[in-house]
Each structure stands twice: as C-alpha cells, then as structure tokens.
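Take a look at the structure set out below.
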Protein chains: 2
Amino acid sequence: MSQRIQISEVGPRDGLQSIDRVMPTAAKKAWIDALAAAGVSEIEVGSFVPPKLLPQMADTAEILTHALGKAGLAVVALVPNLKGAERAIAAGAHKISIPFSMSETHSIRNVRKDHAAMLDEIAAIATLVAEQPKGRRPQFDVGLSTAFGCTIEGPVPEDRVVRLAEAVIARGVSEVCLSDTTGYANPAQVRRLVRAVKEATGADRLNTLHLHNTRGLGLANVLAGLDEGITTFDSSQAGLGGCPFAPGASGNIVTEDLVFMLEAMGLDTGIDLDRLIAARAIISEALPGEPLYGFTPDAGVPLGFRKAAQ
Amino acid sequence: MSQRIQISEVGPRDGLQSIDRVMPTAAKKAWIDALAAAGVSEIEVGSFVPPKLLPQMADTAEILTHALGKAGLAVVALVPNLKGAERAIAAGAHKISIPFSMSETHSIRNVRKDHAAMLDEIAAIATLVAEQPKGRRPQFDVGLSTAFGCTIEGPVPEDRVVRLAEAVIARGVSEVCLSDTTGYANPAQVRRLVRAVKEATGADRLNTLHLHNTRGLGLANVLAGLDEGITTFDSSQAGLGGCPFAPGASGNIVTEDLVFMLEAMGLDTGIDLDRLIAARAIISEALPGEPLYGFTPDAGVPLGFRKAAQ
C-alpha cells in the first residue's frame, strides 16, 4: 500500500475570490461535483465573509449545503472571525479554518486586528466549537499566513511563527497550517520551519501546508514538506485566480501538477488525474477567458505512466 | 561558508538550437559576456553539428573562441560524434559532452546509431581525448539522455541506465550526466536513479543533472538531486527555446528560478541574480518576440531577500 497524501482543493474559495467575476452558483456546484467524482476528498468550498466585501462568496452557505451531500467529502469553510464561524457551524461545515497572519502589520492592514486581538478571536471560536454537540463539532484549524515572509514586513522570524503556533494550539485549536501566502518560501526554510513547529506543538498539530508557486518553487516546497512528514497540501485546480504579484503565474500551486507529482512518486492521492483535468472545462465554460494554469494538463502524462508505476 | 553549487548554462546551445531563427553572432557573444559578468562560471556555448542540420550553431567555433577569452569560465561544447569532438578539441573546449540516448529506439531515430554503435563512438572519442597533451585535454562527459523515460519507448528501465552508465565509464569517460530529456522525471525516481548510478560507477562519476520543467517538476527534481549529492545543474536562461511538448512551458529548467531557489536555500551559485535577470534584455533584443520564461524575473525576489539570509 502506498502512503496516502491528502489534497485539499481550495479553488472554489481561494481561486474564485481572487477573480472579480462571480462564478454562477450552478457552475460552482457542477465543479464541486466533478472534483468529488475525480476523487478529491476535501474541498474548501467558500468563505463566510460579508457579501459586500466578497460578492464572489455570497452563496457560500448554499454551496456548502450542496457539498455536504457528497458522500465522503470533507467540506471546509474559511471564516474571517467569530461571526463567520457561527455561520459556518450553522451551515454544517466539517472543518473551519481562519487565517492568522504572522506579520502583525499585514494582520492589522488586512483584518484590523493585531496579534493579541487575533488570538482572542481564535480563542472565542475555539470555545464556540467546543460547545457544539459532538456530532456537529467541526474541526477547527488556523492557517498561519505569511509564515514564510511578508510583502510588507519582509522576513518573518521563525521563532515568532513557532511561538504563535504554540499560542494558537494552547487556545484549543486542533491544528495549524503553514501558509506561504506570498510565495516567499524555499525548501530549506520549509524543512526548518515545519520541523520547528512540529517540535514545539507536537507532530500531529501540523499536517498541512498551503503553498504558492509565485517564484516557481511550489512543488519543490511540497517535496520538502513531504520529507518532514506533511500529509496534506492545499492546492487550486488550474491555479485559478492567478497570482497578483506575478503576471502569468498561478498563485496557489496547481492541483493537476501536484497530483501528477505525488502519483508519479508512488504516493496515493485518491484522485483520477484524467477526470480531474476534464473538470477544467467547467471553469472555462463558467468563466470564459479566465487563464488556466498547470503544466501537466498541457503536456499530458508521460507515455506508459501509471499510478505508482515508477 | 555555504556549499557551492555549479550551474551550467545551456541556453546558448540547447535554447538557441530549439529556435528556428538564428541569433546573430555578435548577440551570442554579448549574451555570453553578460552571463559571465553575472557570475555564471560554466556555459555550453554551442554544438559542433553540421551547419546544414543546425544553422543556429554554425558559428560555434567562433563563439567558443570568444568564450575562452573570459577568465575563469569553463567552456563546454556539445558534440554528436567523433568528428564533432575533433572540431571541439581543435577549438580548445574545456569540456565536451555527447548525448547518449538510453532509449535505443530514440537513439536510432535521432542519430542512426544503436547502443553498441554509440558505445563505440564514445570509446573512440575517449581515446582521442586521452591522446591530447595534458594542457589541451578536455574533460569528456556523456549525457545519458531520456534516462527518466522516452516519448517513444515510454518508461526506461533503471537497471538499463545503470548498466549503460557503467559501460560508458569503462570506456574512459570522466563523468556521466542524467538527462530528463522528456520531462518525465519525478523526485522519487531522481533520488533512486542518482543513488543507483553513483553506487555502480562511483560517487564522483555522476555530479550533474540536466532537468526539464515540462510538467512543472523541474525544481522539485533539483531538490531531489541535491539530496543525493548532485552538485551541478544544467539550466537555460529564460527557459529559452520553450518546450515542444507543452506550449507555454519552458523546456530546460529556468536559470533565474534555479538561482533564486539555491541562493534562498543558502547555497552558493556565485551568480548575481539581478545581473542575470538583466541579461534577458540581450535575448529580447536579438530575438524579438521570443517567449522568455521564468517566475522569479516577473515576481521579483522577496522583500528583504539576501543571499543565504534565510
């Protein structure tokens, strides 16, 4: 049996919120259906933010309900604060995730909360989650964003990330995720920071990386994460939404290329690459002209390629 | 002191021979000057093939002579056969390299020689090299092309690559290089094959990888190579020439992104990234409209990025 690696598809949230146009609700549902049918077993389906701020996410509750109908699919919702968490829990999300910027400057500019205020918000959500009856209690994760550097502050000290990861776990959160929001990470740094956070918080508290491909290092950083025991990677189909810092580049790592790499390495993603690639057509139809990224969809898989064949 | 990693720039050969237009000789010289000034210490400057076959390489002898004038620059020439080797040696190349396809079908289609005939040709070149007076004796390397798979044969058995690497070394060749001609390689395979070839031939006989980015795995494969003790990587500035199998993708890994990754990891390439990126202008001027690849040139380096600062 080959090792199972979990891919958490964030396109319907991270991808779509980076595009000005709004994908119609029916297309979102069809896309999620196609992803689930391809074997994607975890999808971040939307974000419970005010529709005035992100009209692209206005139908998140409806999308979430639809996704809950897919057997075996873990349904994730992003929440910016306690109010969002209440809505996500009411909607029945299996997992809720809040971004927490390791750059305090970025945090203040982005959500008008310093680190102390964010930790209070996280503690309040953790309490709310703990109060839920067991069958309806979602997993609660915190995404440590800008963990590898910030476009405003520059380098982010690794001991600060470790300290804040510990603080988050101490407030009753299940897991932290390290997020390379800015595409600054390199493989040596990924190995170092994953090791340090796992050592400080316990190995089972950090299982997920959220990586970007801004400088082309996304999959090399995945490899570095695998080496340190990371078992879940966020990625976005077709690198949807692109990267605001680099024209022509995907922001999130591209699910198709990630699946190809992992399967070629003999790891098990549970995803059928052909069916995954076929799902790109739904995006193209719903958002005509939107750039779709990824190398493997253009190049095709190697001749004679079979899952775990190498 | 951080570890030194050698980058062997193959753009003037591999990049330019993939483009139909011919870069003017003066531009080639200016490009090589700019690369050397940026700290690139090894350049494959051309190929001694018949000009009728590759008119882009017709000025290789003149370019090679020019490159020899750069102090400290290792000047490499590709040779397809003994005749090419004679010309490269006459021109004074520091290193000559012949591609040897691990796929016999590909070898026969490409150079009309089966494996036995290629080994004879390699032996003849090795003898010619050994006959040169010590001061004029070039290093002689063999590039084991399609080592990670072939677009005609599909998977290439790893034991065949190991056996042929041994056969090549037994004929008096200095070093072999593993080439992912088709962009089929994955990191697990890179680790396995590098280890196997080093074990069979001696660790100092395999120091170089020639990787492509056809499916986006190029830099992940670099990381896998680094882990196995590889110290030299071929790459092409701006991914020049593109990839015939994947429109919009570079063929060779892009030097700029490779330098960024290695330097960010605290390794020493000896290359000034800003000056390297500036050299792209020479290509754009000489070959207007030619697509230039690479993520780092578009995105820029991270704020606060300094060599080995992370």
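In the structure tokens, the first chain shown is A, the next is B, and so on; residue numbers restart at 1 for each chain, and ligands run from 1 in the order shown.
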(request) With a distance threshold of 7 Å and counting only C-alpha atoms, extract the residues of chain B near chain A and express them as a ChimeraX atom specification. (result) /B:151,154-155,184,186-188,214-217,219-220,223,245-247,249,257,261,264-265,295-296,298-299,302-304,310
Based on the selection just made, write N, CA and C atoms of those residues as a CSV table (one decimal), in the first residue's frame.
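Saved the output as part32.csv:
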```
chain,number,residue,atom,x,y,z
B,151,THR,N,9.7,9.4,-25.0
B,151,THR,CA,8.4,9.6,-25.6
B,151,THR,C,8.0,8.6,-26.6
B,154,GLY,N,8.5,5.0,-23.8
B,154,GLY,CA,7.8,5.0,-22.5
B,154,GLY,C,8.9,4.9,-21.4
B,155,PRO,N,8.5,4.2,-20.3
B,155,PRO,CA,9.4,4.0,-19.2
B,155,PRO,C,10.7,3.4,-19.7
B,184,TYR,N,10.0,13.7,-18.0
B,184,TYR,CA,9.2,12.6,-17.4
B,184,TYR,C,9.6,12.4,-15.9
B,186,ASN,N,10.4,12.3,-11.9
B,186,ASN,CA,9.8,12.7,-10.7
B,186,ASN,C,10.8,12.6,-9.5
B,187,PRO,N,10.6,13.3,-8.4
B,187,PRO,CA,11.7,13.4,-7.4
B,187,PRO,C,12.0,12.0,-6.8
B,188,ALA,N,11.1,11.1,-6.7
B,188,ALA,CA,11.4,9.8,-6.1
B,188,ALA,C,12.3,9.0,-7.1
B,214,THR,N,8.9,20.3,-18.0
B,214,THR,CA,7.7,20.0,-18.9
B,214,THR,C,6.4,19.9,-18.1
B,215,ARG,N,6.5,19.3,-16.9
B,215,ARG,CA,5.3,19.1,-16.1
B,215,ARG,C,5.4,19.8,-14.8
B,216,GLY,N,6.3,20.8,-14.7
B,216,GLY,CA,6.3,21.7,-13.6
B,216,GLY,C,7.2,21.1,-12.4
B,217,LEU,N,7.8,20.0,-12.6
B,217,LEU,CA,8.5,19.3,-11.5
B,217,LEU,C,10.0,19.6,-11.5
B,219,LEU,N,12.1,22.0,-10.5
B,219,LEU,CA,12.9,22.4,-9.3
B,219,LEU,C,12.7,21.4,-8.2
B,220,ALA,N,11.6,20.7,-8.2
B,220,ALA,CA,11.4,19.6,-7.2
B,220,ALA,C,12.5,18.5,-7.5
B,223,LEU,N,15.8,19.6,-6.2
B,223,LEU,CA,15.9,19.4,-4.7
B,223,LEU,C,16.2,17.9,-4.5
B,245,PHE,N,6.8,19.9,-26.3
B,245,PHE,CA,5.7,19.1,-25.9
B,245,PHE,C,4.6,19.8,-25.1
B,246,ALA,N,4.9,21.0,-24.6
B,246,ALA,CA,4.0,21.8,-23.8
B,246,ALA,C,4.0,23.2,-24.1
B,247,PRO,N,3.1,23.7,-24.9
B,247,PRO,CA,3.1,25.1,-25.3
B,247,PRO,C,2.9,26.0,-24.0
B,249,ALA,N,5.3,26.3,-21.8
B,249,ALA,CA,6.2,25.9,-20.8
B,249,ALA,C,7.6,25.9,-21.3
B,257,ASP,N,15.1,31.0,-12.0
B,257,ASP,CA,14.4,30.4,-10.9
B,257,ASP,C,15.3,29.4,-10.1
B,261,MET,N,16.2,29.7,-6.2
B,261,MET,CA,15.9,28.6,-5.2
B,261,MET,C,17.2,28.3,-4.4
B,264,ALA,N,18.3,31.1,-2.1
B,264,ALA,CA,17.4,31.3,-1.0
B,264,ALA,C,17.6,30.2,0.0
B,265,MET,N,18.0,29.0,-0.4
B,265,MET,CA,18.3,27.9,0.5
B,265,MET,C,19.7,28.0,1.2
B,295,PHE,N,9.6,32.4,-13.4
B,295,PHE,CA,8.7,33.1,-12.5
B,295,PHE,C,9.4,34.2,-11.7
B,296,THR,N,10.6,34.0,-11.3
B,296,THR,CA,11.3,35.0,-10.5
B,296,THR,C,11.5,36.3,-11.2
B,298,ASP,N,9.6,37.8,-13.2
B,298,ASP,CA,8.3,38.5,-13.1
B,298,ASP,C,8.0,39.0,-11.7
B,299,ALA,N,8.1,38.0,-10.8
B,299,ALA,CA,7.7,38.3,-9.4
B,299,ALA,C,8.7,39.1,-8.6
B,302,PRO,N,11.9,38.1,-3.0
B,302,PRO,CA,11.2,38.5,-1.8
B,302,PRO,C,11.8,39.8,-1.2
B,303,LEU,N,10.9,40.6,-0.6
B,303,LEU,CA,11.3,41.7,0.2
B,303,LEU,C,12.3,41.3,1.3
B,304,GLY,N,13.5,42.0,1.3
B,304,GLY,CA,14.4,41.6,2.4
B,304,GLY,C,15.3,40.4,2.0
B,310,GLN,N,18.2,33.5,4.6
B,310,GLN,CA,17.2,32.7,5.3
B,310,GLN,C,17.8,31.6,6.1
```
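If you count only C-alpha atoms and ignore residues fewer than 5 places along the chain from Thr232 (chain A), what sits within 7 Å of it is Ile5, Gln6, Ile7, Ser8, Asn207, Thr208 and Leu209 of chain A.
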(message) Quick check for you: according to DSSP on this backbone, which residues of region 27-258 of chain B are classed as alpha helix (DSSP H)? Reply as number ranges by chain.
(response) B: 27-37, 60-68, 82-91, 104-111, 115-131, 158-170, 187-201, 218-227, 255-258
(request) Quick one: pull the distance between CA of Ala85 (chain A) and CA of Thr181 (chain A), Å, one decimal. (result) 21.6 Å
(request) Choose the residue, out of B:Ile19, B:Cys177, B:Leu54, B:Val10, that has the smallest atom-to-atom separation from Leu35 (chain B); count only C-alpha atoms. (result)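 Closest candidate: B:Val10.
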(request) Grab the CA of Thr231 (chain A) to CA of Phe140 (chain A) distance for me, in Å with one decimal place. (result) 17.3 Å
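Within the 9 Å cut-off around Pro291 (chain B), using only C-alpha atoms and omitting residues fewer than 6 positions from it on the same chain, the listed residues are Ala238, Gly239, Leu240, Gly241, Gly242, Gly248 and Ser284 of chain B.
Minimum atom-to-atom distance to Ala71 (chain A), evaluated using only C-alpha atoms, belongs to A:Gly39 out of A:Gly39, A:Gly135, A:Gly289, A:Gly46.
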(message) Excluding region 91-101 of chain B and its own-chain neighbours fewer than 2 positions away, which residues fall within 8 Å of it when counting only C-alpha atoms? Please give them as a count of residues only.
(response) 34
(message) Using only C-alpha atoms, can you tell me which of B:Leu164, B:Ala123, B:Val259, B:Arg306 comes closest to Leu273 (chain B)?
(response)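 When distances to Leu273 (chain B) are compared using only C-alpha atoms, the smallest one comes from B:Val259.
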